[in-house]
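See structure below.
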Amino acid sequence: MTTLLTWLESLQSLDKWIASRFACYASTILEHCSHPVVRFEGSVFFERLSKHKGLIEPSCCCAVNTDNAATVAMPFLLSALKTPIAKVVAEGNADFRGCHGPIDVQRSAVMCLKRVFTSENNLGDLIDVGKSVLEFLHDRSGRRRFEHFSDFRSLALSRSVVNDFEDGQSIEAETVALMQAILAVQLGSEDFAEKTHRCLQWLLFSVSLISGDSLKPGQDEPEIQTSIAGLIERTRYVARSNASPVVKVSNPPRWQLKCVASNIASLTMASLLEMKENPSIFNVQSARARCMEMLQKDHGVSLHSFPSLHLEELVTTACIASAATSNNSELPSVQASGLRFLITVLKAFGEELDASTNDGTTVLEQYSSQIISAVRHALNAESLLEESVASSGFHRLFAAGCEALFVMMKGGFVSEPVVIRRLLQPILLASEDVPFAAFGGKDEKLLMKSNHVTDDTRSFPMFRLSKLCFAARLSMMIEVGDMNQSAVSVINRELEKDDEVGRAIHSAAAAIDGFLLSRASSEHSRVRFPSTGLTYANLTDVDELILDELVENWPVLATSSVVSILKAIKDVPEENEQKESLELWLSKLLPIILIGLRGTLSEFKPGQSGASTSETAALFICALRLMVGSGTSVEFCSDEFGGVISMLTDSVLFQLLGLSDSADGDGRSVMLPHFVFEDCAILMHQACGFIEDLCKNSDAAAADLALLSHSVMKPLVALQEKQIKLHANYSIILSSCVRSSIILLFCQREEDRMQLEKALVQLSLSTLKEMSAHPELNKELKDPCLSLLRSCSSDSSLKDGEWGEIATYCVSNELLDAWAIICASLPPGIGIKSSINAMKGALGDLDNPSRHFGAIVALRVALHSAGTEDTSLVSFVLHHVGFEVLQLFRAYSLRLAPVQSFDENRVNVCAEAVKMNMIAFQYLSTTPGEGDTSSSFLLTLFQVLVESVSFNGLPGNLLGTRNAGADENIGRMCAQVFVHVVRSNPLVFKSTITTMAAESRTVLENAVRADMSGYAAPKREKKKLSLKGFR
């Protein structure tokens, strides 16, 4: 039947159920025959059948279910993996499970299962299959040689025993690969709720396996309760029940099972991290709300809790696995797997705040002592290796410890200087570990070799490489601003303790080797693996883990070495031999950075390529930015930079804006989800900064101005033509384009500049006007637009009349910040005089209070700056809007306006109106021939101020005012005006109050006395008690 499977496609037209009957026959035969050859052939049959899964169809004529190959083969395959249990007396007829085939049958069953799960995707819940496979693994892992024993066969063991050990190790590796295939099927569900349930089920199952937590004898399943605590307890019971058949083989579990379970936990947590947009997974409050909803309604998915409700179990189990031992012996394989599990927990819950404290602390801070202890144990792996048998497990443990510490540093989990120094101490490189070496030298200073006597020379250099990679990643995250600022200064001080120049040279050498290895390992590359490199003398002398580390981390090693080399070049004097050597290293790094950037940008797909691709591209761009502005002797090719600019613009900026090929039918772009822009935030900052730097240094970088203009102007044109809408997601790119347009404006020819200037002024005004509906954009986009307007108006090719019309437009559309900039940039008085009528309308429109505060502030600032050069401008402004200013003060101070929003800026508007009137008073007092006008002005002003004091009162309730809405701050403001006039010009003050009514003069005098006395209540003499009255 196995042989005929290949030809069954030609027979399906005659009998479409022939393959189903074949599967039914095979299942029936294997059920009643336990001969190893037959069972082996059965595994081969089902493996071939799963490859031709299109042949089998459901058949009602078969005795067994033939929906697919997995359904038919599963009972037989799992029975081949049953573990033997030796007993004296059986507990029942079905309790004899000791019959199992030889190891070849079991290996064939494992391989067949892997093939089935690789070809079939819709297999439902496979937790029972996972239990059987892990139970078999747990049994088999006790039949092998300990990993850290010597490779030489002991004379006390026979050849057959040694072969049995080797077979056990082979089937163990194949079973681990089978578990990976099962997890790939289980965690690949497209249904969100189902995927969450399965991830939690496998996560808690693996946690129970690591800790050996199983059901106690006689423990029954708890009843379903309509409470969150009952739901959590039921979820724990399901996890313990799933782990019980596996753990009962040996408790505590064997270290191999703990290692596999830790890997399962880290894979499930990584799968949950992909669904981080769902807050109920990692947020406690959202999880509780979701649980209550599930308890009240039926959602079609089994009731379950969420990972955030099991945080203590996750952290404790991960920390225990990270420090696992057996008979006081270190288990580096388990510890590395547990540490990777801990890393996923840190990434998942590192930013979640603790709702019980409300002081900004995260939920993980309560477990900080456990986590720091586990990570510190891994960072001491180099010293642990000296006390244990040589093994590559310690090198993997140290690399995982460096990764965990980097995640902690990046997320701000560790901020105390003392803790940071202690954690960084094992990672710092000594000067003898990274000696300075020139490129192309014949010495062996760059070679990765062991400085200690060790049996594991191939893996020992992993310690130094991990330290280089950690320092490179940490320094680059600080450079691009993706690091918590609370610990940056401490980290920089610690990194400066090692030899930064030597570390940069060795990082550059490792980056070059990693680049060459990555090119050789690519799928479509015809380049052979280099047999020798800068850091290794022979490829066979280096462990594969080190090669993988070089290939994975060469981008960050290259970019960090560029940063450190550029810093060193600045500190080295001119015409120094070391400077020439450093510039030679820099020239060797530039080509691989350009090649790496092109390759990364070609792979970049917003929302699809992942955060690692965008971070790598950001690192390359950051290194190029530093090289462009460094002023070194490294030459740049204009064609290279032209290609980089084009790829950067088309692959990143235009794709994120939707200007490449994603526009819909009406010309509008399709906006990507918000999480895409969050993942690409660093890349956007670096890409936009690179374009700005090239605009500033276009001559030094040999950049094409036409390409730069295309990169900058196309988004702005799209914004003006409404192809893209003004949105917070686009603020980083648009603000950068506005800043770059300022630089490009002054690079234009005279005949082209006027048209571009008009277009940019129109763009800035329309953007500022549209931003009134998007206040969240003020932080990113408002200042660049105002800067563009200032640049255009300060050195403009437009006429003053045109700018006057622009100033009027700004006041009419409430663009008062822009109006103030125009008035300050133009010759004194031009902007104010041309737009005074519009300003008069804004101040006099009492029905629209939103215009008042901005208008009076802008007018006061412009008048204050321009009035010093042309004092007649004050007279012009007061002649046109003096009445409106005083009317505005009276309306706000007395609450005469019918609109409720008057109270929002009431005090501020009154203060600005008072300042305007004080400018008028100062002008009238210092201008000859304005004495009569000054008295009339003060009389009118005092009448309004007295009315305001009577309504609002003074601090300390000195006037006994009880009016609704009274504000004593406004009353004190008016009293300060009185005192200022008294002290500035007492004669005019005296002549003015003599013409006032007696009641108004009394209020004014009381206000003056109160302000001069500091609003202290008048002292009253206490009456003395007369004893004569008690006779």
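Chain labels run A, B, ... following the order of the structure tokens; each chain numbers its residues from 1, and ligands are numbered from 1 in the order shown.
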
- Message: Give me, as a ChimeraX atom specification, all polymer residues having an atom no more than 7 Å from range 340-349 of chain A, counting only C-alpha atoms and skipping those fewer than 3 positions away in the same chain.
- Response: /A:262-263,265-266,269-270,273,282,315,318-319,336-337,352,364,400,404

May I have the residues from that selection written out with all heavy atoms, as a short mmCIF file (atom, residue, chain, number, x, y, z; two decimals), in the first residue's frame?
data_model
loop_
_atom_site.label_atom_id
_atom_site.label_comp_id
_atom_site.auth_asym_id
_atom_site.auth_seq_id
_atom_site.Cartn_x
_atom_site.Cartn_y
_atom_site.Cartn_z
N SER A 262 10.76 24.88 29.42
CA SER A 262 11.12 26.31 29.42
C SER A 262 11.11 26.87 28.01
O SER A 262 10.66 28.00 27.79
CB SER A 262 12.51 26.49 30.04
OG SER A 262 12.53 26.04 31.38
N ASN A 263 11.55 26.08 27.05
CA ASN A 263 11.49 26.53 25.65
C ASN A 263 10.05 26.68 25.18
O ASN A 263 9.72 27.61 24.44
CB ASN A 263 12.24 25.56 24.76
CG ASN A 263 13.74 25.59 25.00
OD1 ASN A 263 14.28 26.61 25.41
ND2 ASN A 263 14.41 24.48 24.76
N ALA A 265 7.51 27.43 27.09
CA ALA A 265 6.99 28.63 27.74
C ALA A 265 7.46 29.90 27.03
O ALA A 265 6.68 30.84 26.83
CB ALA A 265 7.43 28.66 29.20
N SER A 266 8.72 29.94 26.63
CA SER A 266 9.21 31.13 25.94
C SER A 266 8.57 31.28 24.56
O SER A 266 8.28 32.40 24.13
CB SER A 266 10.74 31.06 25.81
OG SER A 266 11.13 29.91 25.07
N MET A 269 5.00 32.60 25.14
CA MET A 269 5.04 34.01 25.51
C MET A 269 5.38 34.88 24.30
O MET A 269 4.83 35.98 24.14
CB MET A 269 6.07 34.22 26.62
CG MET A 269 5.61 33.78 28.00
SD MET A 269 4.20 34.73 28.61
CE MET A 269 4.90 36.37 28.67
N ALA A 270 6.28 34.40 23.45
CA ALA A 270 6.60 35.15 22.23
C ALA A 270 5.38 35.26 21.32
O ALA A 270 5.16 36.29 20.68
CB ALA A 270 7.77 34.50 21.50
N LEU A 273 3.16 37.86 22.73
CA LEU A 273 3.68 39.20 22.49
C LEU A 273 3.26 39.74 21.13
O LEU A 273 3.15 40.96 20.94
CB LEU A 273 5.20 39.21 22.60
CG LEU A 273 5.79 39.27 24.01
CD1 LEU A 273 7.28 39.01 23.99
CD2 LEU A 273 5.49 40.62 24.63
N PHE A 282 -1.96 41.21 29.00
CA PHE A 282 -0.89 41.58 29.92
C PHE A 282 -1.31 42.63 30.95
O PHE A 282 -0.53 42.92 31.85
CB PHE A 282 0.32 42.10 29.14
CG PHE A 282 0.88 41.11 28.16
CD1 PHE A 282 0.90 41.36 26.81
CD2 PHE A 282 1.37 39.89 28.61
CE1 PHE A 282 1.41 40.44 25.91
CE2 PHE A 282 1.88 38.96 27.72
CZ PHE A 282 1.89 39.24 26.37
N VAL A 315 6.83 34.55 36.84
CA VAL A 315 8.12 35.11 37.26
C VAL A 315 8.87 34.12 38.16
O VAL A 315 10.08 33.88 37.98
CB VAL A 315 7.91 36.45 37.99
CG1 VAL A 315 9.23 36.97 38.54
CG2 VAL A 315 7.30 37.47 37.03
N ALA A 318 10.16 31.12 36.10
CA ALA A 318 11.27 31.50 35.22
C ALA A 318 12.55 31.71 36.02
O ALA A 318 13.64 31.30 35.58
CB ALA A 318 10.90 32.76 34.45
N CYS A 319 12.44 32.33 37.18
CA CYS A 319 13.64 32.56 38.00
C CYS A 319 14.19 31.26 38.56
O CYS A 319 15.41 31.08 38.65
CB CYS A 319 13.31 33.53 39.13
SG CYS A 319 12.95 35.22 38.58
N ALA A 336 19.79 28.48 30.74
CA ALA A 336 19.68 29.33 29.55
C ALA A 336 18.25 29.35 29.03
O ALA A 336 17.73 30.40 28.64
CB ALA A 336 20.65 28.84 28.47
N SER A 337 17.58 28.18 29.02
CA SER A 337 16.20 28.13 28.57
C SER A 337 15.28 28.91 29.52
O SER A 337 14.38 29.64 29.08
CB SER A 337 15.73 26.68 28.46
OG SER A 337 16.51 25.96 27.54
N GLU A 352 3.94 47.46 32.00
CA GLU A 352 2.62 47.47 32.64
C GLU A 352 2.73 48.07 34.04
O GLU A 352 3.55 47.64 34.85
CB GLU A 352 2.06 46.05 32.72
CG GLU A 352 1.78 45.41 31.37
CD GLU A 352 0.70 46.15 30.61
OE1 GLU A 352 -0.20 46.75 31.26
OE2 GLU A 352 0.72 46.11 29.37
N LEU A 364 6.35 44.47 37.69
CA LEU A 364 7.50 43.59 37.89
C LEU A 364 8.43 44.06 38.99
O LEU A 364 9.34 43.31 39.39
CB LEU A 364 8.29 43.44 36.58
CG LEU A 364 7.62 42.65 35.45
CD1 LEU A 364 8.51 42.64 34.23
CD2 LEU A 364 7.31 41.24 35.90
N ALA A 400 22.65 34.49 27.02
CA ALA A 400 21.27 34.76 27.43
C ALA A 400 21.22 35.78 28.56
O ALA A 400 20.32 36.63 28.61
CB ALA A 400 20.59 33.47 27.86
N ALA A 404 19.19 39.29 28.59
CA ALA A 404 18.25 39.66 29.65
C ALA A 404 18.61 41.01 30.26
O ALA A 404 17.74 41.85 30.52
CB ALA A 404 18.21 38.58 30.73
#

- Between A:Cys680, A:Leu760, A:Ile478, A:Ala438, which has the minimum distance to Met409 in chain A (counting only C-alpha atoms)? A:Ile478

- Might you pull out every residue within 8 Å of His727 in chain A, with only C-alpha atoms counted and same-chain residues fewer than 3 positions away left off, and present them as a VMD selection string? chain A and resid 730 to 731 774 777

- Residue nearest Asp704 in chain A among A:Gln106, A:Ser614, A:Ser638, A:Ser560 (counting only C-alpha atoms): A:Ser638

- Message: as JSON, numbers by chain, please: the residues near Leu49 in chain A (cut-off 9 Å, only C-alpha atoms, same-chain neighbours under 3 positions excluded).
- Response: {"A": [2, 5, 19, 23, 44, 45, 46, 52, 53, 55, 56, 69, 116]}

C-alpha atoms of the current selection, written as a compact mmCIF listing (two decimals), in the first residue's frame:
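What landed in again01.txt:
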# COMPACT_ATOMS: atom_id res chain seq x y z
CA THR A 2 2.89 2.35 0.71
CA LEU A 5 0.27 5.61 -2.83
CA ALA A 19 -6.85 5.95 -0.19
CA ALA A 23 -5.76 4.05 5.67
CA VAL A 44 6.30 4.89 6.76
CA PHE A 45 2.81 4.42 5.26
CA PHE A 46 1.23 7.24 7.25
CA HIS A 52 -0.30 13.04 -0.44
CA LYS A 53 -3.04 14.47 1.76
CA LEU A 55 -5.94 11.62 -1.75
CA ILE A 56 -7.80 10.94 1.47
CA ALA A 69 -4.17 11.26 7.72
CA VAL A 116 1.82 14.79 9.87

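Minimum atom-to-atom distance to Ala998 in chain A, evaluated using only C-alpha atoms, belongs to A:Gln943 out of A:Glu172, A:Gln943, A:Glu500, A:Gly801.
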
- Query: Which is closer to Phe306 in chain A than all the others in A:Val634, A:Ile228, A:Ala323, A:Leu683, using only C-alpha atoms?
  - Reply: A:Ile228

- Message: Need the shell around Asp191 in chain A: protein/DNA/RNA residues with any atom at most 12 Å away, counting only C-alpha atoms. Skip same-chain ones fewer than 2 positions apart. Format as a PyMOL selection string?
- Response: chain A and resi 122+124+186-189+193-198+275+300-301

Writer output for current selection, N, CA, C and O atoms, as a compact mmCIF listing (two decimals), in the first residue's frame:
# COMPACT_ATOMS: atom_id res chain seq x y z
N ASN A 122 -5.12 22.25 10.42
CA ASN A 122 -6.36 22.31 11.19
C ASN A 122 -6.58 21.00 11.93
O ASN A 122 -7.35 20.14 11.52
N GLY A 124 -7.07 21.01 15.48
CA GLY A 124 -7.74 21.25 16.74
C GLY A 124 -6.77 21.31 17.91
O GLY A 124 -5.57 21.62 17.76
N GLN A 186 -0.17 24.60 16.82
CA GLN A 186 -1.07 25.11 17.85
C GLN A 186 -1.07 26.62 17.93
O GLN A 186 -2.12 27.23 18.15
N LEU A 187 0.07 27.24 17.78
CA LEU A 187 0.18 28.69 17.95
C LEU A 187 -0.02 29.45 16.64
O LEU A 187 0.13 30.67 16.62
N GLY A 188 -0.36 28.74 15.59
CA GLY A 188 -0.56 29.42 14.30
C GLY A 188 -2.01 29.66 13.96
O GLY A 188 -2.34 29.94 12.80
N SER A 189 -2.89 29.57 14.94
CA SER A 189 -4.32 29.79 14.68
C SER A 189 -4.58 31.25 14.32
O SER A 189 -3.97 32.16 14.87
N ALA A 193 -9.31 34.66 19.75
CA ALA A 193 -9.69 34.10 21.06
C ALA A 193 -9.17 32.68 21.21
O ALA A 193 -8.68 32.29 22.28
N GLU A 194 -9.24 31.89 20.15
CA GLU A 194 -8.75 30.51 20.21
C GLU A 194 -7.24 30.48 20.41
O GLU A 194 -6.72 29.67 21.20
N LYS A 195 -6.52 31.37 19.74
CA LYS A 195 -5.07 31.41 19.88
C LYS A 195 -4.67 31.81 21.30
O LYS A 195 -3.73 31.24 21.88
N THR A 196 -5.39 32.78 21.87
CA THR A 196 -5.10 33.20 23.25
C THR A 196 -5.31 32.05 24.23
O THR A 196 -4.50 31.83 25.13
N HIS A 197 -6.41 31.32 24.04
CA HIS A 197 -6.70 30.19 24.93
C HIS A 197 -5.64 29.11 24.82
O HIS A 197 -5.16 28.57 25.83
N ARG A 198 -5.23 28.78 23.61
CA ARG A 198 -4.22 27.74 23.43
C ARG A 198 -2.87 28.17 23.99
O ARG A 198 -2.16 27.36 24.61
N MET A 275 0.41 39.48 19.98
CA MET A 275 -0.96 39.96 20.14
C MET A 275 -1.03 41.04 21.23
O MET A 275 -2.04 41.17 21.92
N GLY A 300 -18.10 31.05 23.01
CA GLY A 300 -17.72 29.96 22.13
C GLY A 300 -16.35 29.39 22.40
O GLY A 300 -15.89 28.49 21.73
N VAL A 301 -15.63 29.93 23.38
CA VAL A 301 -14.31 29.44 23.75
C VAL A 301 -14.35 29.02 25.20
O VAL A 301 -15.07 29.61 26.01

- Task: From the DSSP assignment of the backbone, select every residue of range 476-506 of chain A that is helix (DSSP H, G or I), and format the answer as a PyMOL selection string.
- Result: chain A and resi 476-479+485-495+500-506

- Message: Given only C-alpha atoms as the basis, pick out the residue of A:Trp255, A:Lys51, A:Gln762, A:Glu233 nearest to Ser141 in chain A.
- Response: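 Of A:Trp255, A:Lys51, A:Gln762, A:Glu233, the one nearest Ser141 in chain A is A:Trp255, counting only C-alpha atoms.
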
- Write out as a PyMOL selection string all residues of range 248-331 of chain A that DSSP puts in strand (DSSP E or B) for this structure's backbone. chain A and resi 325-326+329-330

Mind writing the picked residues with all heavy atoms as a compact mmCIF listing (two decimals), in the first residue's frame?
# COMPACT_ATOMS: atom_id res chain seq x y z
N THR A 325 19.64 23.59 39.39
CA THR A 325 20.79 22.74 39.69
C THR A 325 20.30 21.31 39.89
O THR A 325 19.11 21.06 40.10
CB THR A 325 21.52 23.21 40.96
OG1 THR A 325 20.61 23.21 42.06
CG2 THR A 325 22.11 24.60 40.76
N SER A 326 21.24 20.37 39.85
CA SER A 326 20.95 18.97 40.12
C SER A 326 22.09 18.40 40.96
O SER A 326 23.24 18.35 40.50
CB SER A 326 20.82 18.18 38.80
OG SER A 326 20.59 16.81 39.05
N SER A 329 24.97 20.62 41.22
CA SER A 329 25.70 20.83 39.97
C SER A 329 24.89 21.77 39.08
O SER A 329 23.66 21.64 38.99
CB SER A 329 25.95 19.50 39.24
OG SER A 329 26.75 18.65 40.03
N GLU A 330 25.59 22.68 38.44
CA GLU A 330 24.91 23.64 37.58
C GLU A 330 24.36 22.94 36.34
O GLU A 330 24.97 22.02 35.79
CB GLU A 330 25.88 24.75 37.15
CG GLU A 330 26.47 25.54 38.30
CD GLU A 330 25.43 26.43 38.96
OE1 GLU A 330 24.42 26.77 38.33
OE2 GLU A 330 25.64 26.79 40.14

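Considering the residues A:Pro307, A:Gly533, A:Pro332, A:Pro673 and counting only C-alpha atoms, Thr235 in chain A has its shortest atom-to-atom contact with A:Pro307.
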
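Residues in contact range of range 563-578 of chain A, defined as at most 9 Å between only C-alpha atoms, with sequence neighbours fewer than 2 positions away removed, read Ala438, Ser475, Met476, Glu479, Glu500, Val501, Arg503, Ala504, Ile505, Ala558, Thr559, Ser560, Ser561, Glu580, Ser581, Leu582, Glu583, Trp585, Leu586, Cys622, Ala623, Leu626, Met627, Ser630 and Thr632 of chain A.
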
Hey, can you spit out that residue selection with C-alpha atoms as a CSV table (one decimal), in the first residue's frame?
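For reference, part_11.csv as written:
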chain,number,residue,atom,x,y,z
A,438,ALA,CA,45.7,48.2,12.8
A,475,SER,CA,25.7,52.1,23.2
A,476,MET,CA,23.6,52.2,20.0
A,479,GLU,CA,22.7,56.9,20.6
A,500,GLU,CA,36.6,52.2,24.1
A,501,VAL,CA,39.1,52.4,21.2
A,503,ARG,CA,36.5,47.7,21.9
A,504,ALA,CA,35.6,49.7,18.7
A,505,ILE,CA,38.5,48.0,16.7
A,558,ALA,CA,29.5,47.8,12.7
A,559,THR,CA,27.4,50.8,13.7
A,560,SER,CA,28.7,51.0,17.3
A,561,SER,CA,32.3,50.8,16.1
A,580,GLU,CA,45.2,57.3,10.2
A,581,SER,CA,44.6,53.7,11.4
A,582,LEU,CA,41.2,54.6,12.7
A,583,GLU,CA,40.2,56.3,9.5
A,585,TRP,CA,39.0,51.1,9.8
A,586,LEU,CA,36.2,53.7,9.1
A,622,CYS,CA,22.5,56.6,12.4
A,623,ALA,CA,26.0,55.5,11.6
A,626,LEU,CA,27.5,60.6,12.1
A,627,MET,CA,29.9,59.9,9.2
A,630,SER,CA,32.2,64.0,11.1
A,632,THR,CA,36.9,62.9,8.4
